[in-house]
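Following: one structure in structure tokens, then a few remarks.
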Amino acid sequence: MLGKGKHLTLEERHYIEDALNEQHSLKEIAKKLSKDPTTISKEIKRNRHLSGKKRTVGPATCSARKYCQVKGICYDDCDSLCKKCQMTNCYKICPEYQVKQCPRLERFPHVCNGCEQIIPCKRAKFKYRAKVAYTQYEEDKSQSRQGIFLSKEELDTLDDLISPLVLKGQSLAHIYAHHKDEIRCSKRTLYTYFEQNLFTARNIDLPRKVKYKPRKIVQKQGVKKSQHRINRTYKDYLDYMKENPDTQVVEMDTVYGKKGEKCLLTLLFKKSSLMLIFLLDACSQEAVEGVFNTLYSSLGAENFRKLFPVILTDNGSEFKAPESIEFDSNHERKTRLYYCDPMASHQKGAIEKNHEFIRYILPKGKSFKHLTPDKVTLMTNHINSVARAKLNDLTPFKLAQLLLDKSLFDLCHLELIPSDEVFLKPSLLK
């Protein structure tokens with residue numbers, strides 16, 4: 001049957017109402033709607049309603065009224081038939097009173113729709129109305145989807161799985177990606193359970209839940225004409241990518257702790273979301289140049305050009321010596337460097353969003369003095385092991401293994417952290 005397993009629509013219910021009024025058979029209705037006859041019969045019985053203000057009880061509704069010869073229910077010496085009594089309603093005190101059932105209500109069609117005797121009939125009248133039936137259906141569907149579709153034991157088991165991982169700093173998206181088979185609900189429902197405070201962990205324990213702020217509307221400002229930006233503007237970048245759409249793009253930025261201290265240089269491979277983090281002793285052009293010289297000499301010219309063909313960054317002072325990054329000591333091109341428009345960090349939004357993971361571990365205003373290269377590598381590995389919804393629940397590490405050269409992983413000591421051991425809290429580096 002074409003309609004098997006599908007809910008009845010309002011149009012189909014209107015057809016049922018019209019077919020009942022025209023006295024169609026149950027099989028005819030079921031065949032027309034491609035439904036089982038039992039489905040149609042249950043639909044009618046379930047959604048029929050009492051029509052009008054006709055009483056369901058009374059002398060006229062007694063099944064034995066026509067042949068009743070009962071006398072003397074009130075007084076033994078009364079010789080009149082009780083059904084003709086002017087003083088008392090016999091049906092109220094008669095032990096033999098039974099409401100006469102209409103055959104139409106006991107079997108199909110179960111309602112008075114289409115009945116030729118509906119006007120003179122004294123009994124209660126039941127009707128099927130499409131709009132009434134559909135409204136009741138919508139209410140039942142809404143109520144069935146409210147509340148928690150888990151038993152207390154199942155909820156406790158889910159809490160034991162979710163809360164410890166959230167308290168480690170893991171996001172619900174990461175947890176869901178690695179425990180789909182154990183979680184008996186959708187990702188959206190999981191967030192709803194958190195909204196209802198059903199778990200030991202609370203909204204405040206989620207990395208970003210309570211940190212969203214209203215977006216500010218910033219007026220667009222004119223682009224400054226600077227020497228280092230000539231042929232390296234964001235428009236030049238878009239033109240180059242239009243001609244070379246398959247080119248690998250690496251976004252570059254810096255993350256500060258306290259002013260004048262150590263900082264972090266971040267490089268994000270846009271296609272895989274893999275992020276490299278390097279510790280700089282100072283936020284200077286020389287320090288940035290040193291990182292790229294190390295990468296170039298360690299990876300080799302060919303691998304470097306393959307991994308870093310295009311770099312997109314902002315207008316920070318540490319990046320204003322583009323030639324030192326783009327060309328080697330023999331003036332051969334290593335890469336192409338482009339700059340976003342001023343006050344337009346959204347143009348390299350991928351790396352800006354990825355910095356949130358760093359801030360889970362190194363909150364704003366926290367000094368980076370205690371950081372060492374080993375600690376930065378540990379933080380990098382935990383961040384790259386977080387599953388991302390935009391990567392179809394894969395981790396950047398696993399996707400990058402398919403897209404990037406293995407020499408980069410060896411050079412930067414990149415390793416995959418098991419899903420349940422991912423930790424995104426400041427205590428990771430203690």
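Ordered as shown in the structure tokens, chains take letters A, B, and onward, while each chain numbers its residues from 1 and ligands are numbered from 1 in the order shown.
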
### For range 160-172 of chain A: contacts at 12 Å, only C-alpha atoms, fewer than 5 positions along chain excluded, given as a PyMOL selection string
chain A and resi 153-155+177-180+182-184+186-194+197-209+356-361+382-383+385-389+393+419-428

- request: For Asn47 in chain A, please output as a list of chain:residue names all residues within 9 Å (counting only C-alpha atoms; exclusion window: fewer than 5 positions along the same chain).
  value: A:Lys42, A:Lys127, A:Tyr128, A:Arg129, A:Ala130, A:Val132, A:Ala133, A:Tyr134, A:Gln136, A:Tyr137

Once you have the residues from the selection above, write them out as a short mmCIF file (atom, residue, chain, number, x, y, z; two decimals), in the first residue's frame, restricted to N, CA and C atoms.
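Output (part-v5.cif):
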```cif
data_model
loop_
_atom_site.label_atom_id
_atom_site.label_comp_id
_atom_site.auth_asym_id
_atom_site.auth_seq_id
_atom_site.Cartn_x
_atom_site.Cartn_y
_atom_site.Cartn_z
N LYS A 42 -10.63 2.65 12.84
CA LYS A 42 -10.12 3.17 14.12
C LYS A 42 -10.10 4.70 14.12
N LYS A 127 -20.99 12.31 15.36
CA LYS A 127 -20.58 12.74 14.03
C LYS A 127 -19.05 12.64 13.90
N TYR A 128 -18.62 12.51 12.64
CA TYR A 128 -17.19 12.60 12.33
C TYR A 128 -16.97 13.88 11.55
N ARG A 129 -16.09 14.77 12.08
CA ARG A 129 -15.76 16.01 11.42
C ARG A 129 -14.26 16.06 11.18
N ALA A 130 -13.86 16.34 9.93
CA ALA A 130 -12.45 16.30 9.55
C ALA A 130 -11.61 17.30 10.36
N VAL A 132 -12.23 18.71 13.29
CA VAL A 132 -12.16 18.32 14.70
C VAL A 132 -11.16 17.17 14.88
N ALA A 133 -11.22 16.19 13.97
CA ALA A 133 -10.32 15.03 14.05
C ALA A 133 -8.86 15.46 13.87
N TYR A 134 -8.62 16.38 12.92
CA TYR A 134 -7.23 16.81 12.66
C TYR A 134 -6.69 17.64 13.83
N GLN A 136 -7.55 17.32 16.97
CA GLN A 136 -7.24 16.37 18.05
C GLN A 136 -5.94 15.60 17.75
N TYR A 137 -5.74 15.27 16.49
CA TYR A 137 -4.51 14.59 16.09
C TYR A 137 -3.27 15.45 16.37
#
```

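Of the residues listed (A:Phe304, A:Ala124, A:Asp253, A:Ala321), A:Ala321 shows the shortest atom-to-atom separation from Gln285 in chain A; distances use only C-alpha atoms.
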
Counting only C-alpha atoms, the residue among A:His174, A:Arg232, A:Lys369, A:Arg336 that lies closest to Asn384 in chain A is A:His174

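When the distance limit is 7 Å and only C-alpha atoms are what count, the residues near range 399-401 of chain A, minus those fewer than 5 positions from it on the same chain, are Ser272, Leu274 and Leu394 of chain A.
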
For the residues selected in the previous step, produce a file with N, CA and C atoms as a compact mmCIF listing (two decimals), in the first residue's frame.
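Result file follows (out13.txt):
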```
# COMPACT_ATOMS: atom_id res chain seq x y z
N SER A 272 40.96 21.35 6.30
CA SER A 272 40.87 20.30 7.33
C SER A 272 40.65 20.85 8.73
N LEU A 274 42.87 21.81 10.65
CA LEU A 274 44.03 21.48 11.49
C LEU A 274 44.77 22.77 11.84
N LEU A 394 34.11 14.42 12.09
CA LEU A 394 35.50 13.98 12.11
C LEU A 394 36.34 14.98 12.91
```

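The residue that comes closest to Lys430 in chain A, out of A:Ile148, A:Leu391, A:Leu295, A:Leu378 and on the basis of only C-alpha atoms, is A:Leu378.
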
Non-local contacts of Ile16 in chain A (10 Å; only C-alpha atoms; under 5 positions in same chain excluded) as a tab-separated table (two decimals) with C-alpha atoms, in the first residue's frame:
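The file below, part_12.tsv, is the result:
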```tsv
chain	number	residue	atom	x	y	z
A	10	LEU	CA	-6.32	17.00	6.65
A	11	GLU	CA	-7.28	16.44	2.99
A	21	ASN	CA	-21.97	11.48	4.20
A	22	GLU	CA	-22.36	9.75	0.82
A	24	HIS	CA	-19.48	4.81	0.84
A	26	LEU	CA	-15.29	0.96	4.36
A	29	ILE	CA	-12.68	4.54	1.45
A	30	ALA	CA	-9.63	2.44	2.36
A	32	LYS	CA	-9.11	5.32	-2.31
A	33	LEU	CA	-6.67	6.41	0.46
A	40	ILE	CA	-9.99	3.96	8.65
A	43	GLU	CA	-9.76	6.75	12.88
A	44	ILE	CA	-13.53	7.22	12.78
A	128	TYR	CA	-17.19	12.60	12.33
A	129	ARG	CA	-15.76	16.01	11.42
A	130	ALA	CA	-12.45	16.30	9.55
```

One residue among A:Pro95, A:Pro103, A:Pro120, A:Pro396 is nearest to Met275 in chain A when using only C-alpha atoms, and that residue is A:Pro396

Surrounding residues of Ser226 in chain A excluding itself and chain neighbours under 3 positions, 12 Å, only C-alpha atoms, as a PDB file with C-alpha atoms, in the first residue's frame:
```pdb
ATOM      1  CA  VAL A 223      41.138  50.470   3.348  1.00  0.00           C
ATOM      2  CA  ARG A 229      49.533  45.595   0.956  1.00  0.00           C
ATOM      3  CA  ILE A 230      50.289  46.360  -2.710  1.00  0.00           C
ATOM      4  CA  ASN A 231      49.053  43.360  -4.787  1.00  0.00           C
ATOM      5  CA  ARG A 232      48.293  41.558  -1.504  1.00  0.00           C
ATOM      6  CA  THR A 233      44.824  42.892  -0.600  1.00  0.00           C
ATOM      7  CA  ASN A 315      47.261  43.663   9.343  1.00  0.00           C
ATOM      8  CA  SER A 317      52.603  44.752  12.750  1.00  0.00           C
ATOM      9  CA  LYS A 320      54.207  43.657   7.787  1.00  0.00           C
ATOM     10  CA  ALA A 321      57.372  42.196   6.272  1.00  0.00           C
ATOM     11  CA  TYR A 339      45.983  40.598   3.952  1.00  0.00           C
ATOM     12  CA  ASP A 341      40.740  44.352   4.960  1.00  0.00           C
ATOM     13  CA  PRO A 342      41.210  46.411   8.157  1.00  0.00           C
TER      14      PRO A 342
END
```

Exercise. Which residues, written as a ChimeraX atom specification, have at least one atom at most 12 Å from Val249 in chain A, with only C-alpha atoms counted and residues fewer than 2 positions away on the same chain left out?
Worked result: /A:237-238,240-241,244-247,251-252,267-274,305-313,335-338,348,350-351

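The interatomic distance for the pair CA of Ile277 in chain A and CA of Asn330 in chain A works out to 27.4 Å.
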
Practice item. Report as a VMD selection string: the residues of range 160-304 of chain A with a DSSP assignment of strand (DSSP E or B), based on the backbone of this structure. Key: chain A and resid 249 to 256 263 to 269 274 to 280

Same residues, C-alpha atoms, output as a CSV table (one decimal), in the first residue's frame:
```
chain,number,residue,atom,x,y,z
A,249,VAL,CA,44.7,28.2,2.0
A,250,VAL,CA,46.4,28.6,5.4
A,251,GLU,CA,45.0,31.3,7.7
A,252,MET,CA,47.5,33.0,10.1
A,253,ASP,CA,47.1,35.0,13.3
A,254,THR,CA,48.6,35.6,16.7
A,255,VAL,CA,47.1,35.1,20.2
A,256,TYR,CA,48.3,37.3,23.1
A,263,CYS,CA,52.6,35.0,22.4
A,264,LEU,CA,51.3,32.3,20.1
A,265,LEU,CA,51.5,32.1,16.3
A,266,THR,CA,48.6,30.1,14.9
A,267,LEU,CA,48.4,28.6,11.4
A,268,LEU,CA,45.1,27.0,10.3
A,269,PHE,CA,44.7,24.7,7.2
A,274,LEU,CA,44.0,21.5,11.5
A,275,MET,CA,45.7,24.2,13.6
A,276,LEU,CA,49.5,24.5,14.3
A,277,ILE,CA,50.5,26.6,17.3
A,278,PHE,CA,54.0,28.0,17.8
A,279,LEU,CA,55.4,29.8,20.9
A,280,LEU,CA,57.0,33.1,20.2
```

Computed gap from CA of Pro363 in chain A to CA of Pro418 in chain A is 24.0 Å

Those in range 219-311 of chain A with helix (DSSP H, G or I) from DSSP, as a PDB file with C-alpha atoms, in the first residue's frame:
```pdb
ATOM      1  CA  GLN A 227      53.329  49.522   0.908  1.00  0.00           C
ATOM      2  CA  HIS A 228      53.137  45.960   2.229  1.00  0.00           C
ATOM      3  CA  ARG A 229      49.533  45.595   0.956  1.00  0.00           C
ATOM      4  CA  TYR A 234      41.788  40.754   0.107  1.00  0.00           C
ATOM      5  CA  LYS A 235      40.471  41.557  -3.376  1.00  0.00           C
ATOM      6  CA  ASP A 236      43.742  40.282  -4.858  1.00  0.00           C
ATOM      7  CA  TYR A 237      43.295  37.137  -2.763  1.00  0.00           C
ATOM      8  CA  LEU A 238      39.774  36.547  -4.120  1.00  0.00           C
ATOM      9  CA  ASP A 239      40.973  37.101  -7.694  1.00  0.00           C
ATOM     10  CA  TYR A 240      43.812  34.609  -7.233  1.00  0.00           C
ATOM     11  CA  MET A 241      41.507  31.990  -5.678  1.00  0.00           C
ATOM     12  CA  LYS A 242      39.034  32.437  -8.535  1.00  0.00           C
ATOM     13  CA  GLU A 243      41.773  31.447 -10.962  1.00  0.00           C
ATOM     14  CA  GLN A 285      58.470  40.255  12.560  1.00  0.00           C
ATOM     15  CA  GLU A 286      61.746  38.491  13.351  1.00  0.00           C
ATOM     16  CA  ALA A 287      59.996  35.835  15.480  1.00  0.00           C
ATOM     17  CA  VAL A 288      57.406  35.134  12.748  1.00  0.00           C
ATOM     18  CA  GLU A 289      60.131  34.973  10.117  1.00  0.00           C
ATOM     19  CA  GLY A 290      62.052  32.492  12.292  1.00  0.00           C
ATOM     20  CA  VAL A 291      59.074  30.081  12.424  1.00  0.00           C
ATOM     21  CA  PHE A 292      58.710  30.092   8.631  1.00  0.00           C
ATOM     22  CA  ASN A 293      62.435  29.665   8.066  1.00  0.00           C
ATOM     23  CA  THR A 294      62.400  26.611  10.374  1.00  0.00           C
ATOM     24  CA  LEU A 295      59.383  25.114   8.577  1.00  0.00           C
ATOM     25  CA  TYR A 296      60.955  25.798   5.156  1.00  0.00           C
ATOM     26  CA  SER A 297      64.313  24.206   6.005  1.00  0.00           C
ATOM     27  CA  SER A 298      62.790  21.215   7.864  1.00  0.00           C
ATOM     28  CA  LEU A 299      60.058  20.354   5.345  1.00  0.00           C
ATOM     29  CA  ALA A 301      61.203  23.619  -0.472  1.00  0.00           C
ATOM     30  CA  GLU A 302      58.849  21.308  -2.397  1.00  0.00           C
ATOM     31  CA  ASN A 303      56.827  20.181   0.620  1.00  0.00           C
ATOM     32  CA  PHE A 304      56.630  23.701   2.019  1.00  0.00           C
ATOM     33  CA  ARG A 305      55.268  25.123  -1.242  1.00  0.00           C
ATOM     34  CA  LYS A 306      52.737  22.274  -1.383  1.00  0.00           C
ATOM     35  CA  LEU A 307      51.572  22.793   2.214  1.00  0.00           C
TER      36      LEU A 307
END
```
